[in-house]
Amino acid sequence: MSTVLVVNSGSSSLKYQLIEMSTESVLASGLIERIGQPGEVRDHAAAFQSMIDTFEEKGPSLTENPPVAIGHRVVHGGKRFFGPTVVTDLVKINIEDLSDLAPLHNPANLQGINAAQKVFPDIPQVAVFDTAFHATLSPAAYTYAIDAELADKYRIRRYGFHGTSHKFVSEATAEFLGRSLDSLKTIVLHLGNGASACAVDGGVSIDTSMGLTPVEGLVMGTRSGDIDPAVLIHLHRKGKLDFDDLDELLNRKSGLLGLSGRGDMRDVVGAAGDGDEAAQLALDVYLHRLKHYVGAYSAELGGVDAIVFTAGVGENSAPVRAGALAGLERLGISVDPALNEADDRGRRRISPEGSPVEVLVIPTNEELEIARQCLTVV
Ligand code: AMP
């Protein structure tokens, strides 16, 4: 039995999955929350030990059947990492060094790696970066039009995120359609709590909606997505908001929550249906932005074969899928209402039979993608 343990350590949580690789089946999974809070698990090392204890108690034992690799989700790989990477001391220094670009994520990811190394010093630890799939963006796509020297000094460019998901879903799309990945032009819409769009040409990311940080692009649960940067200057000068206020505003008080008081798409759709005007506006802005990116990426790709919805909202919300693509028939894009609304969970087509552009729902699986990538380097 050959297994990979996948670890996703956030600032206060540790999520894990043990995957058996010959069948790609999940043997065990779990979530440890509230790390570092009073009366709870002390730190990531303690959380990792508590995970090991659970395995010893409930099986399968990790000490008797050690995984061939431990795969770690790492959010920011900057310009340095463009594929799965076996962790060395130098790799850890680089992840640490990138923390100023992802202050909430990289330090937590590193703590997960350190905790795993302590318990399993002989098992290869592999870092899989959220940014890696977008390393193929062209300079035209990743460069912000600001002073070039300043941008260089502070490593300011677009990096993109959700890469593990975009890669998994674009490959699954080729598989589902029985087409070769090389010739497929796909727009992946990863719509979860965070949300991003990605234009994938022949398996290669050519553009994505998140940028230097995961704030840019689509409207999200609590993040603004695209905004005129001068709004922030205006709020600083006139509204006396300082930089922490602006950070809080863009990351935690904007998006669906800022517009409607509700950060969960289920609540927004429900309230809009009940006639709540703020919720309706939040939904309209969300859909308008999505459609904007579908149009932009259709142009960048020079035509599109498949548009694919994934993650919490994309997999579950028929009104969002229908609304995002409404009125695009002249671009060959349409959604069949019965297929879209069918109570189905798996990979599925929701465009009418014979439609020029395939519209699909493909559940993402970032853990499996991380595990697969681990096997390519150990
Ligand atoms: P994720 O980040 O992929 O786990 O997605 C989480 C988000 O999916 C939640 O914040 C919900 O807003 C959204 N979600 C889950 N189920 C539904 C649903 N049935 N309709 C609309 N949104 C949903």
# chains A, B, ... in the order shown; residues from 1 in each chain; ligands from 1

call {"tool": "closest_atom_pairs", "arguments": {"of": "chain A", "to": "ligand 1", "cutoff": "8 Å", "atoms": "only C-alpha atoms and all ligand atoms", "output": "Markdown table"}}
result
| residue | atom | partner | partner_atom_place_in_ligand_line | distance |
| --- | --- | --- | --- | --- |
| A:His190 | CA | ligand 1 | 3 (O) | 7.7 |
| A:Leu191 | CA | ligand 1 | 3 (O) | 6.5 |
| A:Gly192 | CA | ligand 1 | 5 (O) | 3.4 |
| A:Asn193 | CA | ligand 1 | 2 (O) | 3.9 |
| A:Gly194 | CA | ligand 1 | 2 (O) | 5.9 |
| A:Ala195 | CA | ligand 1 | 2 (O) | 7.9 |
| A:Gly221 | CA | ligand 1 | 10 (O) | 6.4 |
| A:Gly263 | CA | ligand 1 | 12 (O) | 6.7 |
| A:Asp264 | CA | ligand 1 | 12 (O) | 3.6 |
| A:Met265 | CA | ligand 1 | 12 (O) | 3.9 |
| A:Arg266 | CA | ligand 1 | 21 (C) | 4.1 |
| A:Asp267 | CA | ligand 1 | 12 (O) | 7.7 |
| A:Val269 | CA | ligand 1 | 21 (C) | 7.3 |
| A:Thr310 | CA | ligand 1 | 3 (O) | 7.7 |
| A:Ala311 | CA | ligand 1 | 3 (O) | 3.9 |
| A:Gly312 | CA | ligand 1 | 8 (O) | 3.3 |
| A:Val313 | CA | ligand 1 | 22 (N) | 4.0 |
| A:Gly314 | CA | ligand 1 | 22 (N) | 7.5 |
| A:Glu315 | CA | ligand 1 | 17 (C) | 7.6 |
| A:Asn316 | CA | ligand 1 | 19 (N) | 4.3 |
| A:Ser317 | CA | ligand 1 | 20 (N) | 4.1 |
| A:Ala318 | CA | ligand 1 | 20 (N) | 7.6 |
| A:Val320 | CA | ligand 1 | 21 (C) | 7.8 |

call {"tool": "residues_around", "arguments": {"residues": "Val128 (chain A)", "least_positions_apart": "5", "cutoff": "6 Å", "atoms": "only C-alpha atoms", "output": "number ranges by chain"}}
result
A: 72-74, 84

call {"tool": "residues_around", "arguments": {"residues": "Tyr159 (chain A)", "least_positions_apart": "2", "cutoff": "10 Å", "atoms": "only C-alpha atoms", "output": "list of chain:residue names"}}
result
A:His76, A:Gly77, A:Gly78, A:Lys79, A:Asp130, A:Thr131, A:Ala132, A:Phe133, A:His134, A:Ala135, A:Thr136, A:Leu137, A:Ala141, A:Tyr142, A:Thr143, A:Ile156, A:Arg157, A:Phe161, A:Gly163, A:Asp207, A:Thr208, A:Ser209, A:Met210, A:Gly211, A:Leu212, A:Thr213, A:Pro214

call {"tool": "residues_around", "arguments": {"residues": "region 350-361 of chain A", "least_positions_apart": "6", "cutoff": "7 Å", "atoms": "only C-alpha atoms", "output": "PyMOL selection string"}}
result
chain A and resi 304-310+315+332-336+339-340

call {"tool": "select_by_dssp", "arguments": {"residues": "region 117-337 of chain A", "states": "strand (DSSP E)", "output": "PyMOL selection string"}}
result
chain A and resi 125-129+185-191+195-201+204-208+306-310

call {"tool": "residues_around", "arguments": {"residues": "Met1 (chain A)", "least_positions_apart": "5", "cutoff": "12 Å", "atoms": "only C-alpha atoms", "output": "VMD selection string"}}
result
chain A and resid 18 to 25 27 60 62 64 to 68

call {"tool": "write_last_selection", "arguments": {"atoms": "N, CA, C and O atoms", "output": "mmCIF file, in the first residue's frame"}}
result
data_model
loop_
_atom_site.group_PDB
_atom_site.id
_atom_site.type_symbol
_atom_site.label_atom_id
_atom_site.label_comp_id
_atom_site.auth_asym_id
_atom_site.auth_seq_id
_atom_site.Cartn_x
_atom_site.Cartn_y
_atom_site.Cartn_z
ATOM 1 N N LEU A 18 -5.287 11.317 4.146
ATOM 2 C CA LEU A 18 -4.369 10.234 3.800
ATOM 3 C C LEU A 18 -4.954 9.549 2.563
ATOM 4 O O LEU A 18 -6.092 9.055 2.599
ATOM 5 N N ILE A 19 -4.179 9.549 1.470
ATOM 6 C CA ILE A 19 -4.708 9.039 0.198
ATOM 7 C C ILE A 19 -3.908 7.808 -0.245
ATOM 8 O O ILE A 19 -2.668 7.842 -0.244
ATOM 9 N N GLU A 20 -4.625 6.754 -0.593
ATOM 10 C CA GLU A 20 -3.992 5.545 -1.133
ATOM 11 C C GLU A 20 -3.867 5.771 -2.635
ATOM 12 O O GLU A 20 -4.866 6.024 -3.322
ATOM 13 N N MET A 21 -2.627 5.690 -3.151
ATOM 14 C CA MET A 21 -2.396 6.225 -4.485
ATOM 15 C C MET A 21 -2.721 5.275 -5.638
ATOM 16 O O MET A 21 -2.944 5.728 -6.752
ATOM 17 N N SER A 22 -2.761 3.962 -5.401
ATOM 18 C CA SER A 22 -3.052 3.083 -6.543
ATOM 19 C C SER A 22 -4.523 3.219 -6.941
ATOM 20 O O SER A 22 -4.873 3.124 -8.106
ATOM 21 N N THR A 23 -5.388 3.490 -5.958
ATOM 22 C CA THR A 23 -6.818 3.666 -6.249
ATOM 23 C C THR A 23 -7.250 5.126 -6.095
ATOM 24 O O THR A 23 -8.397 5.460 -6.377
ATOM 25 N N GLU A 24 -6.340 5.962 -5.637
ATOM 26 C CA GLU A 24 -6.623 7.369 -5.337
ATOM 27 C C GLU A 24 -7.816 7.519 -4.399
ATOM 28 O O GLU A 24 -8.669 8.390 -4.571
ATOM 29 N N SER A 25 -7.874 6.611 -3.402
ATOM 30 C CA SER A 25 -9.004 6.697 -2.465
ATOM 31 C C SER A 25 -8.537 7.296 -1.132
ATOM 32 O O SER A 25 -7.391 7.121 -0.713
ATOM 33 N N LEU A 27 -8.232 7.366 2.635
ATOM 34 C CA LEU A 27 -8.306 6.406 3.734
ATOM 35 C C LEU A 27 -8.766 7.085 5.018
ATOM 36 O O LEU A 27 -9.415 6.467 5.852
ATOM 37 N N PRO A 60 -5.557 4.063 9.740
ATOM 38 C CA PRO A 60 -4.379 3.205 9.655
ATOM 39 C C PRO A 60 -3.176 3.855 10.342
ATOM 40 O O PRO A 60 -3.031 5.066 10.282
ATOM 41 N N LEU A 62 0.230 5.352 11.002
ATOM 42 C CA LEU A 62 1.232 5.979 10.126
ATOM 43 C C LEU A 62 2.639 5.502 10.463
ATOM 44 O O LEU A 62 3.528 5.544 9.614
ATOM 45 N N GLU A 64 3.367 2.356 11.456
ATOM 46 C CA GLU A 64 3.533 1.014 10.869
ATOM 47 C C GLU A 64 3.561 1.065 9.352
ATOM 48 O O GLU A 64 4.257 0.301 8.695
ATOM 49 N N ASN A 65 2.745 1.943 8.779
ATOM 50 C CA ASN A 65 2.674 2.087 7.314
ATOM 51 C C ASN A 65 2.965 3.520 6.917
ATOM 52 O O ASN A 65 2.055 4.267 6.557
ATOM 53 N N PRO A 66 4.221 3.936 6.981
ATOM 54 C CA PRO A 66 4.498 5.351 6.725
ATOM 55 C C PRO A 66 4.172 5.753 5.288
ATOM 56 O O PRO A 66 4.379 4.963 4.359
ATOM 57 N N PRO A 67 3.630 6.958 5.109
ATOM 58 C CA PRO A 67 3.355 7.446 3.750
ATOM 59 C C PRO A 67 4.662 7.607 2.962
ATOM 60 O O PRO A 67 5.717 7.809 3.558
ATOM 61 N N VAL A 68 4.584 7.537 1.633
ATOM 62 C CA VAL A 68 5.794 7.702 0.811
ATOM 63 C C VAL A 68 6.205 9.168 0.748
ATOM 64 O O VAL A 68 7.351 9.486 0.447
#

call {"tool": "select_by_dssp", "arguments": {"residues": "region 259-304 of chain A", "states": "helix (DSSP H, G or I)", "output": "JSON, numbers by chain"}}
result
{"A": [259, 260, 265, 266, 267, 268, 269, 270, 271, 272, 273, 277, 278, 279, 280, 281, 282, 283, 284, 285, 286, 287, 288, 289, 290, 291, 292, 293, 294, 295, 296, 297, 298, 299, 300, 301]}

call {"tool": "write_last_selection", "arguments": {"atoms": "N, CA and C atoms", "output": "short mmCIF file (atom, residue, chain, number, x, y, z; two decimals), in the first residue's frame"}}
result
data_model
loop_
_atom_site.label_atom_id
_atom_site.label_comp_id
_atom_site.auth_asym_id
_atom_site.auth_seq_id
_atom_site.Cartn_x
_atom_site.Cartn_y
_atom_site.Cartn_z
N LEU A 259 -21.48 44.19 0.54
CA LEU A 259 -22.62 44.72 -0.22
C LEU A 259 -23.96 44.37 0.43
N SER A 260 -24.03 43.21 1.08
CA SER A 260 -25.36 42.74 1.50
C SER A 260 -25.45 42.34 2.96
N MET A 265 -22.93 32.63 -0.25
CA MET A 265 -23.75 32.77 -1.46
C MET A 265 -25.15 32.18 -1.28
N ARG A 266 -25.27 31.11 -0.48
CA ARG A 266 -26.61 30.54 -0.25
C ARG A 266 -27.55 31.59 0.35
N ASP A 267 -27.04 32.34 1.34
CA ASP A 267 -27.87 33.36 2.00
C ASP A 267 -28.18 34.51 1.05
N VAL A 268 -27.19 34.86 0.21
CA VAL A 268 -27.39 35.97 -0.73
C VAL A 268 -28.48 35.60 -1.74
N VAL A 269 -28.38 34.41 -2.33
CA VAL A 269 -29.37 33.98 -3.32
C VAL A 269 -30.75 33.89 -2.67
N GLY A 270 -30.79 33.35 -1.45
CA GLY A 270 -32.06 33.22 -0.72
C GLY A 270 -32.69 34.59 -0.48
N ALA A 271 -31.90 35.52 0.04
CA ALA A 271 -32.42 36.85 0.38
C ALA A 271 -32.84 37.60 -0.88
N ALA A 272 -32.04 37.45 -1.96
CA ALA A 272 -32.41 38.11 -3.22
C ALA A 272 -33.76 37.59 -3.70
N GLY A 273 -33.97 36.28 -3.55
CA GLY A 273 -35.25 35.67 -3.94
C GLY A 273 -36.41 36.21 -3.12
N GLU A 277 -33.12 43.98 -1.61
CA GLU A 277 -32.47 44.73 -2.70
C GLU A 277 -30.95 44.69 -2.61
N ALA A 278 -30.44 44.78 -1.38
CA ALA A 278 -28.97 44.75 -1.22
C ALA A 278 -28.42 43.40 -1.67
N ALA A 279 -29.12 42.33 -1.32
CA ALA A 279 -28.67 40.99 -1.73
C ALA A 279 -28.74 40.85 -3.25
N GLN A 280 -29.79 41.40 -3.84
CA GLN A 280 -29.92 41.34 -5.30
C GLN A 280 -28.77 42.09 -5.98
N LEU A 281 -28.43 43.25 -5.42
CA LEU A 281 -27.32 44.02 -6.00
C LEU A 281 -26.01 43.24 -5.85
N ALA A 282 -25.79 42.65 -4.67
CA ALA A 282 -24.57 41.86 -4.45
C ALA A 282 -24.46 40.75 -5.49
N LEU A 283 -25.57 40.06 -5.72
CA LEU A 283 -25.59 38.98 -6.71
C LEU A 283 -25.34 39.53 -8.12
N ASP A 284 -25.96 40.66 -8.42
CA ASP A 284 -25.78 41.26 -9.76
C ASP A 284 -24.32 41.66 -10.00
N VAL A 285 -23.70 42.25 -8.98
CA VAL A 285 -22.29 42.68 -9.13
C VAL A 285 -21.39 41.44 -9.30
N TYR A 286 -21.68 40.42 -8.53
CA TYR A 286 -20.92 39.15 -8.59
C TYR A 286 -21.00 38.55 -10.00
N LEU A 287 -22.21 38.52 -10.55
CA LEU A 287 -22.41 37.91 -11.87
C LEU A 287 -21.83 38.78 -12.99
N HIS A 288 -21.96 40.09 -12.83
CA HIS A 288 -21.43 41.02 -13.82
C HIS A 288 -19.91 40.84 -13.95
N ARG A 289 -19.23 40.70 -12.82
CA ARG A 289 -17.78 40.54 -12.81
C ARG A 289 -17.38 39.20 -13.43
N LEU A 290 -18.15 38.17 -13.10
CA LEU A 290 -17.86 36.84 -13.68
C LEU A 290 -17.96 36.89 -15.21
N LYS A 291 -19.03 37.47 -15.69
CA LYS A 291 -19.25 37.55 -17.14
C LYS A 291 -18.14 38.36 -17.80
N HIS A 292 -17.71 39.41 -17.14
CA HIS A 292 -16.61 40.25 -17.61
C HIS A 292 -15.37 39.39 -17.86
N TYR A 293 -15.05 38.51 -16.93
CA TYR A 293 -13.85 37.66 -17.08
C TYR A 293 -14.05 36.58 -18.13
N VAL A 294 -15.27 36.07 -18.24
CA VAL A 294 -15.53 35.07 -19.29
C VAL A 294 -15.28 35.69 -20.66
N GLY A 295 -15.75 36.92 -20.83
CA GLY A 295 -15.53 37.62 -22.10
C GLY A 295 -14.05 37.88 -22.34
N ALA A 296 -13.38 38.38 -21.31
CA ALA A 296 -11.95 38.72 -21.45
C ALA A 296 -11.14 37.48 -21.81
N TYR A 297 -11.41 36.40 -21.12
CA TYR A 297 -10.61 35.18 -21.34
C TYR A 297 -10.97 34.49 -22.66
N SER A 298 -12.22 34.63 -23.11
CA SER A 298 -12.58 34.10 -24.44
C SER A 298 -11.72 34.80 -25.49
N ALA A 299 -11.55 36.12 -25.31
CA ALA A 299 -10.74 36.88 -26.25
C ALA A 299 -9.27 36.49 -26.16
N GLU A 300 -8.75 36.40 -24.94
CA GLU A 300 -7.33 36.05 -24.78
C GLU A 300 -7.02 34.66 -25.34
N LEU A 301 -7.97 33.75 -25.17
CA LEU A 301 -7.75 32.38 -25.67
C LEU A 301 -8.00 32.30 -27.18
#

call {"tool": "residues_around", "arguments": {"residues": "Glu216 (chain A)", "least_positions_apart": "6", "cutoff": "9 Å", "atoms": "only C-alpha atoms", "output": "list in words"}}
result
Gly160, Ser196, Ser209, Met210, Arg223, Ser224, Gly225, Asp226 and Ile227 of chain A

call {"tool": "closest_residue", "arguments": {"among": "A:Met220, A:Ala102, A:Asn114, A:Arg158", "to": "Leu257 (chain A)", "atoms": "only C-alpha atoms"}}
result
A:Met220
